[in-house]
>>> print(open('final_11.csv').read())   # CSV, C-alpha atoms
chain,number,residue,atom,x,y,z
A,18,LYS,CA,105.2,131.2,154.6
A,19,VAL,CA,103.7,129.6,151.5
A,20,THR,CA,105.8,127.6,149.1
A,21,ILE,CA,104.4,126.8,145.7
A,22,ASP,CA,106.3,124.5,143.4
A,23,VAL,CA,106.1,125.6,139.8
A,24,GLU,CA,107.1,123.1,137.1
A,25,ARG,CA,107.2,123.7,133.4
A,26,GLN,CA,104.4,121.7,131.7
A,27,GLY,CA,105.7,118.6,129.9
A,28,GLY,CA,105.9,118.4,126.2
A,29,TYR,CA,103.7,116.6,123.8
A,30,ARG,CA,104.8,115.1,120.5
A,31,ASP,CA,103.5,112.7,117.8
A,32,VAL,CA,106.1,110.1,116.8
A,33,ALA,CA,106.0,107.2,114.3
A,34,VAL,CA,106.0,103.6,115.5
A,35,ARG,CA,108.7,101.2,114.2
A,36,ALA,CA,108.4,97.4,114.8
A,37,ALA,CA,111.5,95.7,116.0
A,38,SER,CA,112.0,92.1,114.9
A,39,GLU,CA,114.7,89.7,115.9
A,40,GLY,CA,115.9,86.4,114.5
A,41,SER,CA,115.4,85.0,111.0
A,42,PRO,CA,112.5,83.1,109.3
A,43,ALA,CA,113.0,79.5,108.4
A,44,SER,CA,115.2,78.6,105.5
A,45,GLY,CA,113.5,79.5,102.2
A,46,TYR,CA,111.3,82.2,103.8
A,47,TRP,CA,111.6,86.0,104.0
A,48,ILE,CA,109.9,88.9,105.7
A,49,SER,CA,107.8,90.5,103.0
A,50,SER,CA,106.2,93.3,105.0
A,51,ILE,CA,105.8,94.7,108.5
A,52,ASN,CA,102.7,96.7,109.6
A,53,VAL,CA,101.9,98.4,112.9
A,54,THR,CA,98.7,99.8,114.3
A,55,PRO,CA,98.7,102.6,115.3
A,56,ILE,CA,101.4,104.0,113.0
A,57,LEU,CA,101.6,107.2,115.1
A,58,VAL,CA,101.4,107.7,118.9
A,59,THR,CA,101.3,110.8,121.1
A,60,VAL,CA,104.0,110.8,123.8
A,61,TRP,CA,104.3,113.1,126.8
A,62,GLY,CA,107.1,113.9,129.1
A,63,GLU,CA,109.5,116.5,130.3
A,64,GLN,CA,110.2,119.0,127.5
A,65,SER,CA,113.9,118.2,127.2
A,66,LEU,CA,113.2,114.5,126.9
A,67,ILE,CA,110.6,114.9,124.3
A,68,GLN,CA,112.8,117.2,122.2
A,69,GLU,CA,115.6,114.6,122.3
A,70,LEU,CA,113.4,111.8,120.9
A,71,PRO,CA,114.0,110.8,117.3
A,72,GLY,CA,110.9,110.9,115.1
A,73,TYR,CA,110.0,107.3,116.0
A,74,LEU,CA,109.8,104.8,118.8
A,75,ASP,CA,110.6,101.1,118.5
A,76,THR,CA,108.3,98.4,119.8
A,77,GLN,CA,109.6,95.6,122.2
A,78,PRO,CA,111.4,93.0,120.0
A,79,ILE,CA,109.3,90.4,118.3
A,80,SER,CA,110.9,87.1,117.4
A,81,VAL,CA,110.5,85.7,113.9
A,82,GLU,CA,113.0,82.9,114.5
A,83,GLY,CA,112.1,79.9,112.3
A,84,ALA,CA,108.8,81.4,111.2
A,85,THR,CA,107.0,79.9,108.1
A,86,GLY,CA,103.9,82.1,108.3
A,87,ASP,CA,102.7,85.5,109.5
A,88,VAL,CA,103.6,86.6,113.0
A,89,VAL,CA,101.0,88.7,114.7
A,90,LYS,CA,101.6,90.1,118.2
A,91,ARG,CA,100.5,92.9,120.6
A,92,VAL,CA,103.5,94.5,122.3
A,93,ALA,CA,104.4,97.7,124.2
A,94,LEU,CA,106.7,100.5,123.0
A,95,ASP,CA,110.3,100.6,124.1
A,96,LEU,CA,109.9,103.9,126.0
A,97,PRO,CA,112.7,106.0,127.4
A,98,GLU,CA,112.5,106.7,131.2
A,99,GLY,CA,110.1,109.6,131.9
A,100,VAL,CA,108.2,109.3,128.6
A,101,VAL,CA,104.6,108.0,128.4
A,102,VAL,CA,102.2,107.3,125.6
A,103,LEU,CA,98.8,109.0,125.7
A,104,GLY,CA,95.7,107.4,124.2
A,105,GLU,CA,96.0,104.9,121.4
A,106,GLY,CA,99.1,102.7,121.6
A,107,SER,CA,99.6,102.9,125.4
A,108,GLY,CA,99.9,100.0,127.7
A,109,SER,CA,101.7,96.6,127.6
A,110,GLU,CA,99.8,95.5,124.5
A,111,GLY,CA,99.1,98.8,122.8
A,112,ILE,CA,100.8,98.2,119.5
A,113,LEU,CA,99.5,95.5,117.1
A,114,VAL,CA,102.4,94.3,114.9
A,115,ARG,CA,101.8,92.0,111.8
A,116,ILE,CA,105.0,90.6,110.2
A,117,SER,CA,104.3,88.9,106.9
A,118,VAL,CA,106.5,85.9,106.2
A,119,GLN,CA,106.4,84.5,102.7
A,120,PRO,CA,108.2,81.6,101.0
A,121,GLN,CA,111.0,82.7,98.7
A,122,LEU,CA,110.3,82.0,95.0
A,123,GLY,CA,112.7,80.0,92.8
A,124,GLY,CA,112.9,77.7,89.8
A,125,LYS,CA,113.8,74.1,89.2
A,126,THR,CA,114.2,71.8,86.1
A,127,THR,CA,113.1,68.2,86.5
A,128,TYR,CA,113.3,65.4,84.0
A,129,SER,CA,110.1,63.3,83.6
A,130,GLN,CA,109.3,60.2,81.6
A,131,VAL,CA,106.3,60.5,79.2
A,132,THR,CA,103.2,58.6,80.3
A,133,MET,CA,100.8,57.7,77.5
A,134,VAL,CA,97.1,57.3,78.3
A,135,SER,CA,94.0,56.2,76.3
A,136,LEU,CA,95.9,54.0,73.8
A,137,PRO,CA,93.4,51.9,71.9
A,138,LEU,CA,93.5,48.2,72.7
A,139,GLY,CA,95.8,46.0,70.6
A,140,LEU,CA,98.1,48.9,69.6
A,141,THR,CA,101.5,50.0,70.9
A,142,ALA,CA,102.9,53.5,71.0
A,143,THR,CA,106.4,54.8,71.2
A,144,PRO,CA,107.1,58.4,72.2
A,145,SER,CA,110.1,60.3,70.9
A,146,PRO,CA,111.7,61.6,73.1
A,147,ALA,CA,110.8,59.2,76.0
A,148,GLY,CA,111.0,62.1,78.5
A,149,VAL,CA,111.0,65.9,78.7
A,150,ASP,CA,112.6,68.5,80.9
A,151,VAL,CA,110.0,70.5,82.8
A,152,ILE,CA,111.0,73.9,84.1
A,153,LEU,CA,109.0,74.9,87.2
A,154,SER,CA,108.7,78.0,89.3
A,155,GLY,CA,107.2,78.5,92.8
A,156,PRO,CA,107.9,78.6,96.5
A,157,LEU,CA,111.4,77.5,97.3
A,158,PRO,CA,110.4,75.1,100.1
A,159,ALA,CA,108.0,73.3,97.8
A,160,LEU,CA,110.6,73.1,95.1
A,161,GLN,CA,113.2,71.7,97.5
A,162,THR,CA,110.9,68.9,98.7
A,163,LEU,CA,109.6,68.0,95.2
A,164,GLN,CA,110.5,64.5,94.0
A,165,PRO,CA,110.9,63.5,90.3
A,166,ASP,CA,107.9,61.2,90.6
A,167,ASP,CA,105.7,64.2,91.7
A,168,VAL,CA,105.8,65.7,88.2
A,169,ARG,CA,103.9,63.7,85.6
A,170,VAL,CA,104.1,64.4,81.8
A,171,VAL,CA,101.0,62.9,80.1
A,172,VAL,CA,100.3,62.3,76.5
A,173,ASN,CA,96.6,61.6,75.6
A,174,LEU,CA,96.3,59.3,72.6
A,175,ALA,CA,92.5,59.2,72.6
A,176,GLY,CA,91.1,59.2,69.0
A,177,LEU,CA,94.5,58.7,67.4
A,178,SER,CA,95.0,55.9,64.7
A,179,LYS,CA,98.1,54.1,63.5
A,180,GLY,CA,100.8,56.3,62.2
A,181,THR,CA,103.1,59.1,63.5
A,182,HIS,CA,101.5,62.0,65.4
A,183,LYS,CA,102.7,65.2,66.9
A,184,VAL,CA,101.2,65.6,70.4
A,185,THR,CA,101.4,68.3,73.0
A,186,PRO,CA,101.8,66.8,76.5
A,187,THR,CA,100.3,68.1,79.7
A,188,VAL,CA,102.0,68.3,83.0
A,189,GLU,CA,100.4,67.2,86.2
A,190,LEU,CA,101.7,68.7,89.5
A,191,PRO,CA,100.9,68.0,93.1
A,192,ASP,CA,98.0,70.2,94.4
A,193,GLY,CA,98.4,73.0,96.9
A,194,LEU,CA,102.1,73.6,96.5
A,195,GLY,CA,101.7,76.8,94.3
A,196,LEU,CA,104.0,75.4,91.5
A,197,GLN,CA,103.7,76.6,87.9
A,198,VAL,CA,105.1,75.1,84.7
A,199,LYS,CA,107.2,77.7,82.9
A,200,SER,CA,108.1,75.5,79.9
A,201,MET,CA,108.8,72.0,78.6
A,202,VAL,CA,111.7,70.9,76.5
A,203,PRO,CA,110.6,69.8,74.0
A,204,ASP,CA,107.0,71.0,74.2
A,205,ILE,CA,105.8,68.6,71.4
A,206,ILE,CA,106.3,64.8,71.4
A,207,GLU,CA,106.3,62.6,68.4
A,208,VAL,CA,104.3,59.4,69.0
A,209,THR,CA,104.4,56.4,66.7
A,210,ILE,CA,101.3,54.2,67.0
A,211,GLN,CA,101.5,50.6,65.5
>>> encode(input="final_11.csv", output="structure tokens")
Amino acid sequence: KVTIDVERQGGYRDVAVRAASEGSPASGYWISSINVTPILVTVWGEQSLIQELPGYLDTQPISVEGATGDVVKRVALDLPEGVVVLGEGSGSEGILVRISVQPQLGGKTTYSQVTMVSLPLGLTATPSPAGVDVILSGPLPALQTLQPDDVRVVVNLAGLSKGTHKVTPTVELPDGLGLQVKSMVPDIIEVTIQ
């Protein structure tokens, strides 16, 4: 007597990969994009299991709790019982996930006293007004830590003689924070030199 077990061949299917993240980035930051490699995987298993699958599979969760920069990690797929990945994307580190974490952008208005430079010796200068409002934009974390003394409004008096002059000030900001000057109020200073 010969017994031969005959089983129906399992099913194959291509499904998309969806990265699963958990937690929240640090205050003032947000997830700007999530990329996975590969974006499609071939799965194999019993025909009924494969047919019941949605059009995607999630990765194992990746924590972004408190992140202030990109999170890059290799993880496995969260596979149902009896389903395996064939080829690219298989194994415990088969999926490369890159989660981009960027600082949120915002705006801030700060008041700064006018600093006059290059005044000829023996002369005095009086600015009107004595200070200006500087409207800034940039990453929220940088704006939150910015101190009033970090923003310098400079009026260059080089080459000016006695009298009243209209001068456009320049704004000096700390390097490397990604801040930009959107406007100054007022954007022209009247300077009286005596």
>>> residues_around(input="final_11.csv", residues="range 131-141 of chain A", least_positions_apart="6", cutoff="7 Å", atoms="all atoms listed in the file", output="tab-separated table (two decimals) with C-alpha atoms, keeping the file's coordinate frame")
chain	number	residue	atom	x	y	z
A	147	ALA	CA	110.80	59.20	76.00
A	148	GLY	CA	111.00	62.10	78.50
A	170	VAL	CA	104.10	64.40	81.80
A	171	VAL	CA	101.00	62.90	80.10
A	172	VAL	CA	100.30	62.30	76.50
A	173	ASN	CA	96.60	61.60	75.60
A	174	LEU	CA	96.30	59.30	72.60
A	175	ALA	CA	92.50	59.20	72.60
A	210	ILE	CA	101.30	54.20	67.00
A	211	GLN	CA	101.50	50.60	65.50
>>> residues_around(input="final_11.csv", residues="range 75-77 of chain A", least_positions_apart="6", cutoff="12 Å", atoms="all atoms listed in the file", output="PyMOL selection string")
chain A and resi 32-39+52-58+90-97+106-114
>>> closest_residue(input="final_11.csv", among="A:Val101, A:Ile51, A:Val208, A:Leu190", to="Val88 in chain A", atoms="all atoms listed in the file")
A:Ile51
>>> residues_around(input="final_11.csv", residues="Gly99 in chain A", least_positions_apart="4", cutoff="10 Å", atoms="all atoms listed in the file", output="list of chain:residue names")
A:Trp61, A:Gly62, A:Glu63, A:Leu66, A:Ile67
>>> write_last_selection(input="final_11.csv", atoms="C-alpha atoms", output="short mmCIF file (atom, residue, chain, number, x, y, z; two decimals), in the frame of the given file")
data_model
loop_
_atom_site.label_atom_id
_atom_site.label_comp_id
_atom_site.auth_asym_id
_atom_site.auth_seq_id
_atom_site.Cartn_x
_atom_site.Cartn_y
_atom_site.Cartn_z
CA TRP A 61 104.30 113.10 126.80
CA GLY A 62 107.10 113.90 129.10
CA GLU A 63 109.50 116.50 130.30
CA LEU A 66 113.20 114.50 126.90
CA ILE A 67 110.60 114.90 124.30
#
>>> closest_residue(input="final_11.csv", among="A:Val149, A:Thr127, A:Ser80, A:Lys179", to="Leu163 in chain A", atoms="only C-alpha atoms")
A:Thr127
>>> atom_distance(input="final_11.csv", atom1="CA of Ser44 in chain A", atom2="CA of Leu160 in chain A")
12.6 Å
>>> closest_residue(input="final_11.csv", among="A:Leu194, A:Thr187, A:Lys125, A:Glu207", to="Pro165 in chain A", atoms="only C-alpha atoms")
A:Lys125
>>> atom_distance(input="final_11.csv", atom1="CA of Pro186 in chain A", atom2="CA of Ser145 in chain A")
11.9 Å
>>> closest_residue(input="final_11.csv", among="A:Ile21, A:Val202, A:Ala142, A:Val168", to="His182 in chain A", atoms="all atoms listed in the file")
A:Ala142
>>> atom_distance(input="final_11.csv", atom1="CA of Val60 in chain A", atom2="CA of Tyr73 in chain A")
10.4 Å
>>> closest_residue(input="final_11.csv", among="A:Thr59, A:Thr85, A:Thr143, A:Ser154", to="Gly124 in chain A", atoms="all atoms listed in the file")
A:Ser154
>>> closest_residue(input="final_11.csv", among="A:Leu157, A:Val102, A:Leu177, A:Ala43", to="Tyr29 in chain A", atoms="all atoms listed in the file")
A:Val102
>>> residues_near_point(input="final_11.csv", point="(101.3, 79.7, 108.8)", cutoff="10 Å", atoms="all atoms listed in the file", output="ChimeraX atom specification")
/A:84-88,117-119
>>> residues_around(input="final_11.csv", residues="Gly45 in chain A", least_positions_apart="2", cutoff="6 Å", atoms="all atoms listed in the file", output="PDB file with C-alpha atoms, in the frame of the given file")
ATOM      1  CA  PRO A 120     108.200  81.600 101.000  1.00  0.00           C
ATOM      2  CA  GLN A 121     111.000  82.700  98.700  1.00  0.00           C
ATOM      3  CA  LEU A 157     111.400  77.500  97.300  1.00  0.00           C
ATOM      4  CA  PRO A 158     110.400  75.100 100.100  1.00  0.00           C
TER       5      PRO A 158
END
